[in-house]
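**Q** Would you mind keeping the following structure in view while I ask a few things?
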Amino acid sequence: MAAKPKLAMYWASSCGGCEVALVNLNEKLLAVDAHFDFVFCPCLLDTKISDIEALPDRSLAITLFNGAIRTSENEEMAHLLRRKSELLIAFGACSSQGGIPALSNLSGKADHFRTNYLDSPSLTIPPAAYRKPTQQWLKATWNCLSSTTMCAG
């Protein structure tokens, strides 16, 4: 029996809709499995980047790449998967047109930080119980966001 072609799916900075669409295939995933060996899909399979790196170049028949490229990891994965794939497909609105992640380009890092951590009250906690982060935490987090190195958790 001939080996099935390999199929991969990667999510970069995305809204999650493509993963939901994939999972919503339900039992139809078995039909995909009948024709392809699903080798990489972080939302469904426990495969590692090292598994992909170990593959010979162009050994993936098809890679569905969904999500915008917003981080260095996204860019590295796009280059790696392009090298390992016969065909790399921009799958979904986020990868082909920017989608929801592209809205982030309308504001800077400081605006995101302020909106996410300072100005957004919770929808489930009454305003009287809402506590803003301490200035010490905010300063440490801002310094981490501003640096180019990894920050401790």
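How things are named: the first chain in the structure tokens is A, the next is B, and so on; residues count from 1 in each chain; ligands count from 1 in the order shown.
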Wanna dump the range 72-93 of chain A-range 40-58 of chain A contacts at 8 Å for me, each residue with its shortest atom pair and the distance in Å to one decimal, counting only C-alpha atoms, ordered by chain and number, as JSON lines?

**A**
```
{"residue": "A:Leu80", "atom": "CA", "partner": "A:Glu53", "partner_atom": "CA", "distance": 7.4}
{"residue": "A:Leu81", "atom": "CA", "partner": "A:Ile52", "partner_atom": "CA", "distance": 7.9}
{"residue": "A:Arg83", "atom": "CA", "partner": "A:Asp57", "partner_atom": "CA", "distance": 5.7}
{"residue": "A:Lys84", "atom": "CA", "partner": "A:Arg58", "partner_atom": "CA", "distance": 4.2}
{"residue": "A:Ser85", "atom": "CA", "partner": "A:Arg58", "partner_atom": "CA", "distance": 4.4}
{"residue": "A:Glu86", "atom": "CA", "partner": "A:Arg58", "partner_atom": "CA", "distance": 5.0}
```

**Q** Next, the residues of the selection above should be written as a PDB file, in the first residue's frame with C-alpha atoms.

**A**
```pdb
ATOM      1  CA  LEU A  80       9.654  26.352   7.801  1.00  0.00           C
ATOM      2  CA  LEU A  81       6.308  25.108   6.493  1.00  0.00           C
ATOM      3  CA  ARG A  83      10.221  24.759   2.864  1.00  0.00           C
ATOM      4  CA  LYS A  84       8.651  21.486   4.027  1.00  0.00           C
ATOM      5  CA  SER A  85       5.540  21.726   1.807  1.00  0.00           C
ATOM      6  CA  GLU A  86       4.826  21.056  -1.833  1.00  0.00           C
TER       7      GLU A  86
END
```

**Q** Which residue gives the smallest distance to Ser95 in chain A among A:His112, A:Thr71, A:Phe65, A:Met77, with only C-alpha atoms counted?

**A**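 Smallest separation from Ser95 in chain A among the options: A:Phe65.
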
**Q** Do you have the CA of Gly99 in chain A-CA of Gly17 in chain A distance handy?

**A**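 So the two atoms, CA of Gly99 in chain A and CA of Gly17 in chain A, lie 10.4 Å apart.
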
**Q** List the spatial neighbours of Cys15 in chain A as a PyMOL selection string - criterion: any atom at most 12 Å away, only C-alpha atoms, same-chain residues fewer than 2 positions off excluded.

**A** chain A and resi 11-13+17-21+66-68+92-95+98-104

**Q** Any chance you can output those residues with C-alpha atoms as a PDB file, in the first residue's frame?

**A**
```pdb
ATOM      1  CA  TRP A  11      -2.455  28.510  13.099  1.00  0.00           C
ATOM      2  CA  ALA A  12      -0.539  31.751  13.289  1.00  0.00           C
ATOM      3  CA  SER A  13      -2.186  34.860  14.800  1.00  0.00           C
ATOM      4  CA  GLY A  17     -12.481  30.277  13.035  1.00  0.00           C
ATOM      5  CA  CYS A  18     -10.465  27.925  10.812  1.00  0.00           C
ATOM      6  CA  GLU A  19      -9.795  25.572  13.708  1.00  0.00           C
ATOM      7  CA  VAL A  20     -13.500  25.602  14.587  1.00  0.00           C
ATOM      8  CA  ALA A  21     -14.346  24.843  10.937  1.00  0.00           C
ATOM      9  CA  ASN A  66      -4.199  30.078   8.721  1.00  0.00           C
ATOM     10  CA  GLY A  67      -3.702  33.268  10.638  1.00  0.00           C
ATOM     11  CA  ALA A  68      -1.791  36.469  10.070  1.00  0.00           C
ATOM     12  CA  GLY A  92      -8.986  31.658   5.831  1.00  0.00           C
ATOM     13  CA  ALA A  93      -9.531  35.396   6.084  1.00  0.00           C
ATOM     14  CA  CYS A  94      -6.786  36.008   8.666  1.00  0.00           C
ATOM     15  CA  SER A  95      -4.031  34.569   6.468  1.00  0.00           C
ATOM     16  CA  GLY A  98      -5.433  39.953   7.760  1.00  0.00           C
ATOM     17  CA  GLY A  99      -8.815  39.232   9.342  1.00  0.00           C
ATOM     18  CA  ILE A 100      -9.399  40.128  12.975  1.00  0.00           C
ATOM     19  CA  PRO A 101      -5.677  40.119  13.894  1.00  0.00           C
ATOM     20  CA  ALA A 102      -5.094  42.917  11.359  1.00  0.00           C
ATOM     21  CA  LEU A 103      -7.272  45.209  13.476  1.00  0.00           C
ATOM     22  CA  SER A 104      -4.387  45.219  15.936  1.00  0.00           C
TER      23      SER A 104
END
```

**Q** Distance CA of Lys28 in chain A-CA of Ala2 in chain A, one decimal place?

**A**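 CA of Lys28 in chain A sits 22.1 Å away from CA of Ala2 in chain A.
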